[in-house]
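Asker: Data file entry-v8.cif (mmCIF, C-alpha atoms) is appended below.
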data_structure
loop_
_atom_site.label_atom_id
_atom_site.label_comp_id
_atom_site.auth_asym_id
_atom_site.auth_seq_id
_atom_site.Cartn_x
_atom_site.Cartn_y
_atom_site.Cartn_z
CA MET A 1 -12.36 27.72 5.22
CA LYS A 2 -9.63 25.19 4.68
CA VAL A 3 -9.38 23.31 1.39
CA ALA A 4 -7.13 20.30 1.00
CA ILE A 5 -5.89 19.09 -2.36
CA VAL A 6 -5.05 15.41 -2.26
CA ASP A 7 -1.43 14.99 -3.31
CA TYR A 8 -0.85 11.45 -4.50
CA GLY A 9 1.67 12.37 -7.16
CA MET A 10 -0.56 12.93 -10.17
CA GLY A 11 -2.25 16.04 -11.40
CA ASN A 12 -1.45 19.63 -12.02
CA ILE A 13 -1.95 21.02 -8.59
CA ARG A 14 -0.57 24.47 -9.23
CA SER A 15 -3.46 25.60 -11.43
CA ILE A 16 -5.97 24.42 -8.83
CA VAL A 17 -4.17 26.27 -6.05
CA SER A 18 -4.12 29.40 -8.13
CA ALA A 19 -7.85 29.11 -8.92
CA LEU A 20 -8.67 28.60 -5.22
CA LYS A 21 -6.71 31.72 -4.35
CA TYR A 22 -8.67 33.63 -6.96
CA ILE A 23 -11.94 32.71 -5.24
CA ASP A 24 -10.45 33.91 -1.97
CA ILE A 25 -9.50 30.65 -0.31
CA GLN A 26 -6.35 31.45 1.63
CA ASP A 27 -6.02 28.29 3.66
CA ILE A 28 -4.95 25.63 1.16
CA VAL A 29 -3.07 22.46 1.99
CA VAL A 30 -1.61 20.08 -0.55
CA SER A 31 -1.15 16.78 1.21
CA ALA A 32 -1.59 13.04 1.41
CA ASN A 33 -1.45 13.09 5.19
CA GLU A 34 -4.50 11.68 6.97
CA GLN A 35 -4.61 14.30 9.73
CA GLU A 36 -4.20 17.19 7.31
CA LEU A 37 -6.94 15.88 5.04
CA LYS A 38 -9.24 15.30 8.01
CA GLY A 39 -8.55 18.80 9.25
CA ALA A 40 -9.80 20.40 6.02
CA ASP A 41 -13.35 21.57 5.34
CA LYS A 42 -13.37 20.49 1.69
CA ILE A 43 -11.32 18.04 -0.30
CA ILE A 44 -10.26 18.29 -3.93
CA LEU A 45 -9.08 15.16 -5.72
CA PRO A 46 -7.13 16.17 -8.85
CA GLY A 47 -5.75 13.88 -11.48
CA VAL A 48 -4.30 13.53 -14.93
CA GLY A 49 -2.84 10.41 -16.48
CA SER A 50 -3.89 6.81 -16.33
CA PHE A 51 -6.59 5.40 -14.05
CA ALA A 52 -4.64 2.30 -13.07
CA ALA A 53 -1.48 4.26 -12.24
CA ALA A 54 -3.51 6.70 -10.14
CA MET A 55 -5.31 3.96 -8.19
CA LYS A 56 -2.00 2.28 -7.51
CA LEU A 57 -0.50 5.47 -6.06
CA ILE A 58 -3.65 6.07 -4.02
CA LYS A 59 -3.52 2.58 -2.55
CA ASN A 60 0.22 2.83 -1.87
CA LYS A 61 -0.46 5.85 0.29
CA ASN A 62 -3.49 4.18 1.90
CA LEU A 63 -5.56 7.06 0.57
CA ASP A 64 -8.38 4.74 -0.51
CA SER A 65 -9.34 3.96 3.06
CA ILE A 66 -8.53 7.47 4.33
CA LEU A 67 -10.78 9.01 1.66
CA ASN A 68 -13.46 6.43 2.30
CA GLU A 69 -13.52 7.44 5.96
CA ILE A 70 -13.55 11.18 5.18
CA VAL A 71 -16.06 11.09 2.33
CA MET A 72 -18.39 8.21 3.14
CA HIS A 73 -18.42 8.39 6.95
CA GLN A 74 -17.51 11.95 7.91
CA LYS A 75 -19.47 13.12 4.81
CA LYS A 76 -16.92 15.80 4.06
CA PRO A 77 -17.45 17.47 0.66
CA VAL A 78 -15.15 16.23 -2.07
CA LEU A 79 -14.67 17.48 -5.64
CA GLY A 80 -12.94 15.20 -8.12
CA ILE A 81 -11.49 16.89 -11.18
CA CYS A 82 -10.95 15.12 -14.53
CA LEU A 83 -9.30 11.78 -13.69
CA GLY A 84 -10.03 12.66 -10.05
CA MET A 85 -13.75 12.57 -10.91
CA GLN A 86 -13.39 9.22 -12.65
CA LEU A 87 -11.59 7.77 -9.62
CA LEU A 88 -14.65 8.49 -7.47
CA GLY A 89 -16.63 6.04 -9.63
CA SER A 90 -16.85 2.28 -9.43
CA SER A 91 -14.55 1.12 -12.21
CA SER A 92 -12.63 1.81 -15.40
CA SER A 93 -11.79 -0.32 -18.40
CA GLU A 94 -8.69 1.79 -19.14
CA GLY A 95 -5.87 -0.71 -19.66
CA ASP A 96 -7.37 -3.63 -17.77
CA PHE A 97 -10.46 -3.60 -15.59
CA ASN A 98 -9.71 -1.51 -12.53
CA LYS A 99 -11.81 -0.75 -9.51
CA GLY A 100 -12.19 2.87 -8.50
CA LEU A 101 -12.86 4.36 -5.09
CA GLY A 102 -16.52 3.40 -5.58
CA PHE A 103 -18.14 6.41 -3.88
CA VAL A 104 -20.67 6.77 -6.72
CA ASP A 105 -22.01 4.42 -9.36
CA GLY A 106 -20.14 5.24 -12.55
CA SER A 107 -18.04 3.33 -15.02
CA VAL A 108 -15.29 4.69 -17.23
CA ASP A 109 -14.67 3.57 -20.81
CA ILE A 110 -12.86 4.85 -23.87
CA PHE A 111 -14.61 7.01 -26.45
CA ASN A 112 -15.48 4.43 -29.00
CA SER A 113 -16.06 6.00 -32.39
CA ASP A 114 -14.03 6.56 -35.52
CA LYS A 115 -16.03 9.71 -36.23
CA ILE A 116 -14.19 11.72 -33.60
CA ILE A 117 -10.60 12.63 -32.83
CA ILE A 118 -9.26 11.33 -29.51
CA PRO A 119 -8.44 12.77 -27.01
CA HIS A 120 -11.44 15.03 -26.60
CA VAL A 121 -9.54 18.26 -26.11
CA GLY A 122 -10.74 21.84 -26.01
CA TYR A 123 -13.77 23.75 -24.82
CA ASN A 124 -17.08 22.02 -25.13
CA GLN A 125 -20.55 23.16 -24.22
CA VAL A 126 -22.46 21.86 -21.28
CA SER A 127 -26.21 22.49 -20.99
CA ILE A 128 -27.42 22.84 -17.45
CA GLU A 129 -30.75 21.06 -17.59
CA LYS A 130 -31.73 20.89 -13.93
CA PRO A 131 -31.00 22.86 -10.79
CA LEU A 132 -27.56 21.79 -9.68
CA ARG A 133 -25.47 23.35 -6.94
CA LEU A 134 -22.29 23.37 -9.00
CA TYR A 135 -23.87 25.72 -11.56
CA ARG A 136 -25.95 27.91 -9.27
CA ASN A 137 -26.46 31.44 -10.58
CA MET A 138 -24.81 30.59 -13.87
CA ARG A 139 -26.10 30.63 -17.45
CA ASP A 140 -27.77 27.49 -18.78
CA VAL A 141 -25.22 26.77 -21.53
CA LEU A 142 -21.58 27.01 -20.56
CA ASP A 143 -18.19 26.20 -22.06
CA PHE A 144 -15.62 24.23 -20.12
CA TYR A 145 -12.17 22.88 -20.94
CA PHE A 146 -11.96 19.12 -21.40
CA VAL A 147 -8.97 16.93 -22.07
CA HIS A 148 -9.53 13.19 -21.82
CA SER A 149 -9.79 9.96 -23.81
CA TYR A 150 -12.01 8.06 -21.37
CA LYS A 151 -15.49 9.09 -20.27
CA MET A 152 -17.79 8.23 -17.42
CA THR A 153 -21.38 7.09 -17.65
CA SER A 154 -23.76 5.93 -14.94
CA ASN A 155 -26.98 3.95 -14.77
CA SER A 156 -27.91 5.60 -11.48
CA SER A 157 -29.11 9.06 -10.62
CA ILE A 158 -26.00 10.78 -9.35
CA GLY A 159 -26.97 14.34 -10.25
CA GLN A 160 -25.17 14.01 -13.51
CA ASN A 161 -25.04 16.70 -16.13
CA LEU A 162 -24.05 15.59 -19.59
CA CYS A 163 -21.80 16.78 -22.38
CA GLN A 164 -21.70 15.42 -25.88
CA TYR A 165 -18.79 14.31 -28.03
CA ASP A 166 -20.33 11.95 -30.54
CA GLU A 167 -22.02 10.34 -27.54
CA ASP A 168 -23.28 11.54 -24.17
CA PHE A 169 -20.99 11.34 -21.17
CA ILE A 170 -20.88 12.81 -17.68
CA ALA A 171 -19.55 16.37 -17.59
CA SER A 172 -20.24 16.63 -13.87
CA PHE A 173 -22.14 14.94 -11.09
CA GLU A 174 -23.17 15.86 -7.57
CA LEU A 175 -24.56 13.43 -5.05
CA GLU A 176 -24.90 14.76 -1.49
CA ASN A 177 -21.34 15.63 -0.43
CA ILE A 178 -19.66 14.11 -3.49
CA ALA A 179 -19.07 16.08 -6.69
CA GLY A 180 -16.98 15.64 -9.78
CA THR A 181 -16.22 17.45 -13.00
CA GLN A 182 -14.78 15.79 -16.08
CA PHE A 183 -13.76 19.26 -17.24
CA HIS A 184 -11.03 21.34 -15.65
CA PRO A 185 -12.75 24.19 -13.78
CA GLU A 186 -9.32 25.69 -13.08
CA LEU A 187 -8.72 26.06 -16.84
CA SER A 188 -12.15 27.28 -17.90
CA GLN A 189 -11.93 31.01 -17.21
CA MET A 190 -14.81 32.52 -15.18
CA ASN A 191 -17.13 29.56 -15.86
CA GLY A 192 -14.79 27.21 -14.06
CA LEU A 193 -13.93 29.61 -11.26
CA ASN A 194 -17.66 29.99 -10.57
CA VAL A 195 -18.10 26.22 -10.39
CA MET A 196 -15.24 26.02 -7.87
CA LYS A 197 -16.76 28.84 -5.87
CA ASN A 198 -20.13 27.04 -5.86
CA PHE A 199 -18.49 23.84 -4.67
CA VAL A 200 -16.73 25.62 -1.84
CA GLU A 201 -19.79 27.59 -0.79
CA LEU A 202 -22.68 25.18 -1.36
CA PHE A 203 -21.30 21.75 -0.49
CA MET B 1 -20.30 21.10 -29.70
CA LEU B 2 -16.53 20.96 -29.32
CA ARG B 3 -15.11 24.41 -30.02
CA GLN B 4 -12.09 25.42 -32.00
CA ARG B 5 -9.38 27.32 -30.19
CA ILE B 6 -7.20 30.36 -30.72
CA ILE B 7 -3.75 29.87 -29.24
CA PHE B 8 -1.17 32.56 -28.66
CA THR B 9 2.42 31.38 -28.73
CA LEU B 10 5.19 33.24 -26.97
CA ILE B 11 8.71 32.68 -28.18
CA TYR B 12 11.26 33.15 -25.41
CA ASP B 13 14.97 33.65 -26.03
CA SER B 14 17.47 34.20 -23.19
CA GLY B 15 15.29 36.44 -21.04
CA PHE B 16 13.42 38.12 -23.90
CA PHE B 17 10.28 37.53 -25.88
CA SER B 18 11.04 37.40 -29.54
CA GLN B 19 9.53 37.68 -32.93
CA SER B 20 10.55 34.73 -35.00
CA ARG B 21 10.77 34.90 -38.77
CA ASN B 22 11.64 31.68 -40.57
CA PHE B 23 13.08 30.65 -37.19
CA ARG B 24 15.45 33.62 -37.00
CA LEU B 25 14.79 35.37 -33.72
CA GLN B 26 14.54 39.07 -33.10
CA LYS B 27 14.38 40.12 -29.45
CA VAL B 28 11.38 42.35 -28.78
CA GLY B 29 11.13 42.86 -25.03
CA ASP B 30 11.41 41.33 -21.60
CA ILE B 31 8.54 40.28 -19.37
CA THR B 32 7.85 43.90 -18.36
CA TRP B 33 7.50 44.83 -22.03
CA LEU B 34 5.22 41.85 -22.54
CA GLU B 35 3.03 42.68 -19.57
CA ASP B 36 2.76 46.29 -20.79
CA ASN B 37 1.73 45.25 -24.29
CA TYR B 38 -0.13 42.04 -23.63
CA LYS B 39 -2.08 41.96 -20.39
CA PHE B 40 -2.84 38.27 -20.35
CA GLN B 41 -5.15 38.60 -17.37
CA ASP B 42 -7.35 40.75 -19.64
CA ILE B 43 -6.78 39.37 -23.10
CA ALA B 44 -7.12 35.81 -21.79
CA PHE B 45 -10.78 36.34 -22.69
CA SER B 46 -9.73 36.56 -26.33
CA LEU B 47 -7.62 33.45 -26.07
CA ASP B 48 -8.26 29.79 -25.44
CA GLU B 49 -4.79 28.67 -24.66
CA LEU B 50 -1.23 29.91 -24.27
CA VAL B 51 1.92 28.22 -25.55
CA VAL B 52 5.28 29.37 -24.22
CA LEU B 53 8.37 28.10 -26.00
CA ASN B 54 11.98 28.42 -24.93
CA ALA B 55 13.70 28.91 -28.27
CA THR B 56 17.01 30.02 -26.77
CA ARG B 57 19.83 28.69 -28.93
CA GLY B 58 22.52 26.72 -27.13
CA ASN B 59 22.09 26.41 -23.37
CA LYS B 60 18.40 26.96 -22.70
CA ASN B 61 18.69 27.57 -18.93
CA ILE B 62 15.41 25.89 -18.07
CA LEU B 63 15.43 27.22 -14.48
CA LYS B 64 15.39 30.83 -15.64
CA PHE B 65 12.68 29.95 -18.16
CA THR B 66 10.47 28.33 -15.53
CA ARG B 67 10.83 31.36 -13.22
CA MET B 68 9.57 33.54 -16.06
CA LEU B 69 6.76 31.07 -16.76
CA ASN B 70 5.68 31.10 -13.15
CA GLN B 71 5.50 34.90 -13.16
CA LEU B 72 3.71 35.02 -16.51
CA VAL B 73 0.86 32.62 -15.86
CA GLY B 74 -0.36 33.77 -12.45
CA ASP B 75 -4.08 34.59 -12.68
CA VAL B 76 -4.51 33.11 -16.15
CA TYR B 77 -7.17 30.41 -16.08
CA ILE B 78 -6.71 28.82 -19.48
CA PRO B 79 -4.44 25.89 -20.34
CA ILE B 80 -0.74 26.68 -20.63
CA ALA B 81 1.58 24.52 -22.70
CA ALA B 82 5.31 25.09 -22.28
CA GLY B 83 8.42 23.55 -23.71
CA GLY B 84 11.75 23.92 -25.38
CA GLY B 85 14.79 21.81 -24.61
CA ILE B 86 13.13 19.23 -22.36
CA LYS B 87 15.79 16.58 -21.83
CA SER B 88 14.59 14.73 -18.77
CA LEU B 89 11.49 13.90 -16.77
CA ASN B 90 12.73 16.41 -14.23
CA ASP B 91 12.74 19.19 -16.86
CA ALA B 92 9.12 18.34 -17.62
CA LYS B 93 8.29 18.27 -13.92
CA LEU B 94 9.84 21.74 -13.48
CA LEU B 95 7.52 23.08 -16.17
CA PHE B 96 4.44 21.33 -14.76
CA ASP B 97 5.25 22.64 -11.27
CA ASN B 98 5.64 26.19 -12.56
CA GLY B 99 2.43 26.65 -14.44
CA ALA B 100 2.40 24.33 -17.44
CA ASP B 101 -0.65 22.14 -17.91
CA LYS B 102 0.99 20.46 -20.88
CA VAL B 103 4.55 20.20 -22.15
CA VAL B 104 5.63 20.77 -25.72
CA ILE B 105 8.20 18.32 -27.03
CA ASN B 106 10.09 18.64 -30.27
CA SER B 107 13.63 17.22 -30.64
CA ALA B 108 13.13 14.62 -27.91
CA LEU B 109 10.34 13.05 -29.97
CA TYR B 110 12.86 12.05 -32.56
CA LYS B 111 15.82 11.44 -30.28
CA GLY B 112 14.38 10.17 -27.05
CA GLN B 113 11.26 8.11 -27.46
CA ALA B 114 11.95 6.63 -24.02
CA LEU B 115 11.76 10.08 -22.44
CA VAL B 116 8.46 10.87 -24.15
CA LYS B 117 7.03 7.57 -22.96
CA GLU B 118 8.25 8.32 -19.44
CA ILE B 119 6.52 11.71 -19.48
CA VAL B 120 3.36 10.15 -20.92
CA GLY B 121 3.52 7.48 -18.19
CA HIS B 122 3.63 10.15 -15.46
CA TYR B 123 1.39 12.85 -16.81
CA GLY B 124 -0.75 11.10 -19.41
CA LYS B 125 -0.59 11.46 -23.16
CA GLN B 126 -3.03 14.37 -23.11
CA SER B 127 -0.31 16.36 -21.32
CA VAL B 128 2.13 16.06 -24.20
CA VAL B 129 2.02 18.29 -27.26
CA ALA B 130 4.22 17.10 -30.11
CA SER B 131 5.78 20.03 -31.93
CA VAL B 132 6.63 19.35 -35.56
CA ASP B 133 8.62 21.92 -37.58
CA TYR B 134 8.74 21.39 -41.32
CA LYS B 135 9.88 23.00 -44.54
CA ASN B 136 8.64 21.67 -47.86
CA ASN B 137 8.16 18.04 -47.02
CA ASP B 138 11.11 17.78 -44.64
CA VAL B 139 11.06 17.75 -40.86
CA TYR B 140 13.59 19.69 -38.80
CA ILE B 141 14.50 19.43 -35.12
CA ASN B 142 16.75 21.53 -32.83
CA ASN B 143 15.03 24.84 -33.55
CA GLY B 144 14.81 24.08 -37.23
CA THR B 145 18.54 23.54 -37.66
CA GLU B 146 18.73 19.78 -38.11
CA LYS B 147 16.96 17.94 -40.90
CA ILE B 148 15.90 14.40 -40.08
CA ASP B 149 15.61 11.35 -42.28
CA MET B 150 11.82 11.14 -42.39
CA SER B 151 9.31 12.89 -44.60
CA LEU B 152 6.58 14.95 -42.94
CA GLN B 153 4.03 12.19 -43.56
CA GLU B 154 6.31 9.49 -42.15
CA TYR B 155 7.12 11.63 -39.14
CA ILE B 156 3.47 12.41 -38.36
CA ASP B 157 2.74 8.67 -38.41
CA TYR B 158 5.73 8.07 -36.15
CA VAL B 159 4.62 10.76 -33.68
CA GLU B 160 1.11 9.35 -33.54
CA SER B 161 2.51 5.88 -32.92
CA ILE B 162 4.35 7.14 -29.82
CA GLY B 163 1.00 8.40 -28.53
CA VAL B 164 0.72 12.13 -27.83
CA GLY B 165 -2.20 14.38 -26.91
CA GLU B 166 -1.91 16.98 -29.65
CA ILE B 167 0.27 17.86 -32.62
CA TYR B 168 1.56 21.42 -33.09
CA LEU B 169 2.40 21.74 -36.76
CA ASN B 170 4.62 24.69 -37.63
CA SER B 171 5.74 25.78 -41.08
CA ILE B 172 9.31 27.13 -41.00
CA GLU B 173 8.76 28.84 -44.33
CA LYS B 174 5.62 30.67 -43.21
CA ASP B 175 6.84 31.34 -39.67
CA GLY B 176 6.55 35.03 -38.79
CA THR B 177 5.81 36.13 -42.34
CA GLY B 178 2.22 37.16 -41.71
CA PHE B 179 1.38 35.81 -45.17
CA GLY B 180 -1.11 33.20 -43.94
CA TYR B 181 -0.95 29.51 -43.09
CA ASP B 182 0.47 26.81 -45.35
CA ILE B 183 -3.02 25.64 -46.28
CA ASP B 184 -2.03 22.88 -48.72
CA THR B 185 0.23 21.04 -46.32
CA ILE B 186 -2.23 21.50 -43.46
CA LYS B 187 -5.00 19.95 -45.54
CA GLN B 188 -2.75 17.01 -46.33
CA VAL B 189 -1.93 16.47 -42.67
CA THR B 190 -5.55 16.78 -41.48
CA GLY B 191 -6.42 14.02 -43.89
CA GLN B 192 -3.81 11.83 -42.26
CA VAL B 193 -4.01 12.44 -38.49
CA ASN B 194 -6.32 11.20 -35.81
CA THR B 195 -4.83 13.42 -33.11
CA PRO B 196 -6.00 16.97 -32.39
CA LEU B 197 -4.05 19.32 -34.64
CA ILE B 198 -2.85 22.82 -33.80
CA ILE B 199 -1.60 24.77 -36.82
CA ALA B 200 1.06 27.47 -36.65
CA GLY B 201 3.19 29.59 -38.94
CA GLY B 202 2.07 32.53 -41.01
CA ALA B 203 -1.06 33.95 -39.39
CA GLY B 204 -0.86 37.73 -39.50
CA ASN B 205 -4.48 38.76 -39.19
CA GLU B 206 -8.00 37.56 -38.42
CA HIS B 207 -8.60 36.41 -42.01
CA HIS B 208 -5.66 34.03 -41.79
CA LEU B 209 -6.82 32.68 -38.45
CA MET B 210 -10.27 32.12 -39.88
CA LYS B 211 -9.04 30.47 -43.03
CA GLY B 212 -7.02 28.07 -40.89
CA ALA B 213 -9.92 27.38 -38.54
CA ASN B 214 -12.16 26.61 -41.48
CA ILE B 215 -10.02 23.65 -42.54
CA LYS B 216 -11.78 20.47 -41.55
CA ASN B 217 -10.25 18.75 -38.51
CA VAL B 218 -8.08 21.67 -37.41
CA SER B 219 -8.54 21.84 -33.63
CA ALA B 220 -6.75 25.08 -32.99
CA VAL B 221 -5.13 27.98 -34.80
CA ALA B 222 -1.97 29.46 -33.30
CA THR B 223 -0.12 32.69 -33.87
CA ALA B 224 3.22 33.81 -32.48
CA ASN B 225 3.10 37.18 -34.14
CA LEU B 226 3.94 39.62 -31.34
CA PHE B 227 3.59 42.72 -33.51
CA ASN B 228 0.33 42.02 -35.31
CA PHE B 229 -1.82 41.19 -32.31
CA MET B 230 -1.01 43.93 -29.80
CA GLY B 231 -3.60 46.00 -27.98
CA ASP B 232 -7.13 45.38 -29.22
CA SER B 233 -6.07 43.28 -32.20
CA LEU B 234 -6.63 39.94 -30.57
CA PRO B 235 -10.06 40.77 -29.07
CA ASN B 236 -11.07 42.26 -32.42
CA ALA B 237 -9.86 39.23 -34.36
CA ARG B 238 -11.84 36.93 -32.11
CA GLU B 239 -14.97 39.03 -32.43
CA TYR B 240 -14.63 39.08 -36.21
CA MET B 241 -14.28 35.30 -36.30
CA ILE B 242 -17.26 34.73 -34.02
CA ASN B 243 -19.36 37.11 -36.12
CA ASN B 244 -18.41 35.07 -39.15
CA ASP B 245 -19.67 31.81 -37.66
CA CYS B 246 -16.37 30.50 -36.42
CA ASN B 247 -17.02 27.95 -33.68
CA LEU B 248 -15.20 29.73 -30.84
CA VAL B 249 -16.22 30.23 -27.23
CA LYS B 250 -17.68 33.65 -26.56
CA TRP B 251 -15.95 34.38 -23.24
#
For the file at hand, write its structure as structure tokens.
Answerer:
Amino acid sequence: MKVAIVDYGMGNIRSIVSALKYIDIQDIVVSANEQELKGADKIILPGVGSFAAAMKLIKNKNLDSILNEIVMHQKKPVLGICLGMQLLGSSSSEGDFNKGLGFVDGSVDIFNSDKIIIPHVGYNQVSIEKPLRLYRNMRDVLDFYFVHSYKMTSNSSIGQNLCQYDEDFIASFELENIAGTQFHPELSQMNGLNVMKNFVELF
Amino acid sequence: MLRQRIIFTLIYDSGFFSQSRNFRLQKVGDITWLEDNYKFQDIAFSLDELVVLNATRGNKNILKFTRMLNQLVGDVYIPIAAGGGIKSLNDAKLLFDNGADKVVINSALYKGQALVKEIVGHYGKQSVVASVDYKNNDVYINNGTEKIDMSLQEYIDYVESIGVGEIYLNSIEKDGTGFGYDIDTIKQVTGQVNTPLIIAGGAGNEHHLMKGANIKNVSAVATANLFNFMGDSLPNAREYMINNDCNLVKW
């Protein structure tokens, strides 16, 4: 099993590598190289920082079309984490309007309420309300670590599971070979490690 | 519901972990001592986050610090914030590459707004924790040695205007005393901020942690007390808090 972490210059890759090693993945590549990404069995798209800056780096490295080929045509499993999840969606209103990779229908907007403190940071509970591969064999209410100011929502059925911070937003989604978590599985103790294990084994 | 967090802070000083009292450092032990007394792989289940601060006076030798960090955080799957003496984007990058999920910035907030903005530009504002050390109503930088020309309230406004992910508020007077948090000042600041607030300075037992966590709008309670939370103390403190309706994750 070979897992590739897409290296486009944003995201804390070290924690993800260390979490993958914990779940016994030995063959890990961190790369933006087309051949290396195509040679992997699963792809992880990390990300922290701003949506626009991330899309710009992705386009500079031609990763938008490379990922499109791998994910949409080769149907290779991909897991987007945090900003990486948001990038898999259609668009974001962070800064100006920006198009995402567009693999799933989802738009990203700021938390818009003066009742809450932004960013949404810390562990929040996620209720698993339907059978989802990412949470297989796990309890039905779980805590995960979130740190973000923008949240994704979708009008389509993309296997989303919601979390609440004043309003509902997507904590994770899974649509065929495409999955994403707004939370950081690599920073969520055993809950997160189990989600990563489920992604690797069931996608 | 969004949980509150317990954060353990490690104070590092030239190769040793130290107990700080009113910002005077007493060396306690090296990483072997720490690993013997605090097995983070195990007690991580009593913690929600780890902060590691390089409080070395003078030359902070960030390379040596990052090597220690790298060794320390292997197999710990909670967020790690690290800082102390960050003077360039490259310093921040070194920390991120060696296990930090966030960086803690103190003096550079006051002195180098451009640097903070550069780090925020690269890693996002949620990756930057603003550390604010205060005594009475005055703010100090450079390990509490240099008083600046802004009041605590003015400085908190200033820090929020730069745009950071969290604020780590530390009372120099309460630091390491084990007498409990500076509740009055914390209440004042929570009424003012719209950024997640981590409180530090003074917690010596589970009652202090709980009293801090019970203040409205406190996101996280931190302790750097190496002596008071050894062995089973941290797991026990967490259990006590959960049993008393504190909104913490039951790991």
Asker: Within 7 Å of chain A, which residues of chain B come that close, and what is the closest atom pair and distance in Å for each? Count all atoms listed in the file and give it as CSV.
Answerer:
residue,atom,partner,partner_atom,distance
B:Met1,CA,A:Asn124,CA,5.7
B:Leu2,CA,A:Asn124,CA,4.4
B:Arg3,CA,A:Tyr123,CA,5.4
B:Asp75,CA,A:Ser18,CA,6.9
B:Tyr77,CA,A:Leu187,CA,4.7
B:Ile78,CA,A:Leu187,CA,4.3
B:Pro79,CA,A:Leu187,CA,5.5
B:Phe96,CA,A:Asn12,CA,6.7
B:Asp97,CA,A:Arg14,CA,6.4
B:Gly99,CA,A:Arg14,CA,6.4
B:Asp101,CA,A:Asn12,CA,6.5
B:His122,CA,A:Gly49,CA,6.6
B:Tyr123,CA,A:Gly49,CA,4.9
B:Gly124,CA,A:Gly49,CA,3.7
B:Gln126,CA,A:Val147,CA,6.6
B:Gly165,CA,A:Pro119,CA,6.4
B:Asn194,CA,A:Ile117,CA,5.4
B:Thr195,CA,A:Ile117,CA,5.8
B:Pro196,CA,A:Ile117,CA,6.3
B:Val249,CA,A:Asp143,CA,6.8
Asker: Since I can't run it myself right now, could you work out what the PyMOL selection byres ((chain A and resi 103) around 12) selects here and report it as a PDB file with C-alpha atoms, in the frame of the given file?
Answerer:
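As a result, out11.pdb now contains:
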ATOM      1  CA  ASP A  64      -8.380   4.740  -0.510  1.00  0.00           C
ATOM      2  CA  SER A  65      -9.340   3.960   3.060  1.00  0.00           C
ATOM      3  CA  LEU A  67     -10.780   9.010   1.660  1.00  0.00           C
ATOM      4  CA  ASN A  68     -13.460   6.430   2.300  1.00  0.00           C
ATOM      5  CA  GLU A  69     -13.520   7.440   5.960  1.00  0.00           C
ATOM      6  CA  ILE A  70     -13.550  11.180   5.180  1.00  0.00           C
ATOM      7  CA  VAL A  71     -16.060  11.090   2.330  1.00  0.00           C
ATOM      8  CA  MET A  72     -18.390   8.210   3.140  1.00  0.00           C
ATOM      9  CA  HIS A  73     -18.420   8.390   6.950  1.00  0.00           C
ATOM     10  CA  LYS A  75     -19.470  13.120   4.810  1.00  0.00           C
ATOM     11  CA  PRO A  77     -17.450  17.470   0.660  1.00  0.00           C
ATOM     12  CA  VAL A  78     -15.150  16.230  -2.070  1.00  0.00           C
ATOM     13  CA  LEU A  79     -14.670  17.480  -5.640  1.00  0.00           C
ATOM     14  CA  GLY A  80     -12.940  15.200  -8.120  1.00  0.00           C
ATOM     15  CA  GLY A  84     -10.030  12.660 -10.050  1.00  0.00           C
ATOM     16  CA  MET A  85     -13.750  12.570 -10.910  1.00  0.00           C
ATOM     17  CA  GLN A  86     -13.390   9.220 -12.650  1.00  0.00           C
ATOM     18  CA  LEU A  87     -11.590   7.770  -9.620  1.00  0.00           C
ATOM     19  CA  LEU A  88     -14.650   8.490  -7.470  1.00  0.00           C
ATOM     20  CA  GLY A  89     -16.630   6.040  -9.630  1.00  0.00           C
ATOM     21  CA  SER A  90     -16.850   2.280  -9.430  1.00  0.00           C
ATOM     22  CA  SER A  91     -14.550   1.120 -12.210  1.00  0.00           C
ATOM     23  CA  LYS A  99     -11.810  -0.750  -9.510  1.00  0.00           C
ATOM     24  CA  GLY A 100     -12.190   2.870  -8.500  1.00  0.00           C
ATOM     25  CA  LEU A 101     -12.860   4.360  -5.090  1.00  0.00           C
ATOM     26  CA  GLY A 102     -16.520   3.400  -5.580  1.00  0.00           C
ATOM     27  CA  VAL A 104     -20.670   6.770  -6.720  1.00  0.00           C
ATOM     28  CA  ASP A 105     -22.010   4.420  -9.360  1.00  0.00           C
ATOM     29  CA  GLY A 106     -20.140   5.240 -12.550  1.00  0.00           C
ATOM     30  CA  SER A 107     -18.040   3.330 -15.020  1.00  0.00           C
ATOM     31  CA  ILE A 158     -26.000  10.780  -9.350  1.00  0.00           C
ATOM     32  CA  PHE A 173     -22.140  14.940 -11.090  1.00  0.00           C
ATOM     33  CA  GLU A 174     -23.170  15.860  -7.570  1.00  0.00           C
ATOM     34  CA  LEU A 175     -24.560  13.430  -5.050  1.00  0.00           C
ATOM     35  CA  GLU A 176     -24.900  14.760  -1.490  1.00  0.00           C
ATOM     36  CA  ASN A 177     -21.340  15.630  -0.430  1.00  0.00           C
ATOM     37  CA  ILE A 178     -19.660  14.110  -3.490  1.00  0.00           C
ATOM     38  CA  ALA A 179     -19.070  16.080  -6.690  1.00  0.00           C
ATOM     39  CA  GLY A 180     -16.980  15.640  -9.780  1.00  0.00           C
TER      40      GLY A 180
END
Asker: Translate the PyMOL selection byres ((chain B and resi 171) around 7), as applied to the file shown, into an explicit residue set as a count of residues only.
Answerer: 12
Asker: Starting from the displayed file, determine the output of the PyMOL selection byres ((chain A and resi 150) around 8) and express the residue list as number ranges by chain.
Answerer: A: 94, 108-111, 148-149, 151-152
Asker: Show me, as a list in words, the residues that have an atom within 7 Å of Tyr8 of chain A when counting all atoms listed in the file, minus same-chain residues fewer than 2 positions from it.
Answerer: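 After dropping sequence-adjacent residues, the list is Val6, Met10, Ala32, Leu57 and Ile58 of chain A.
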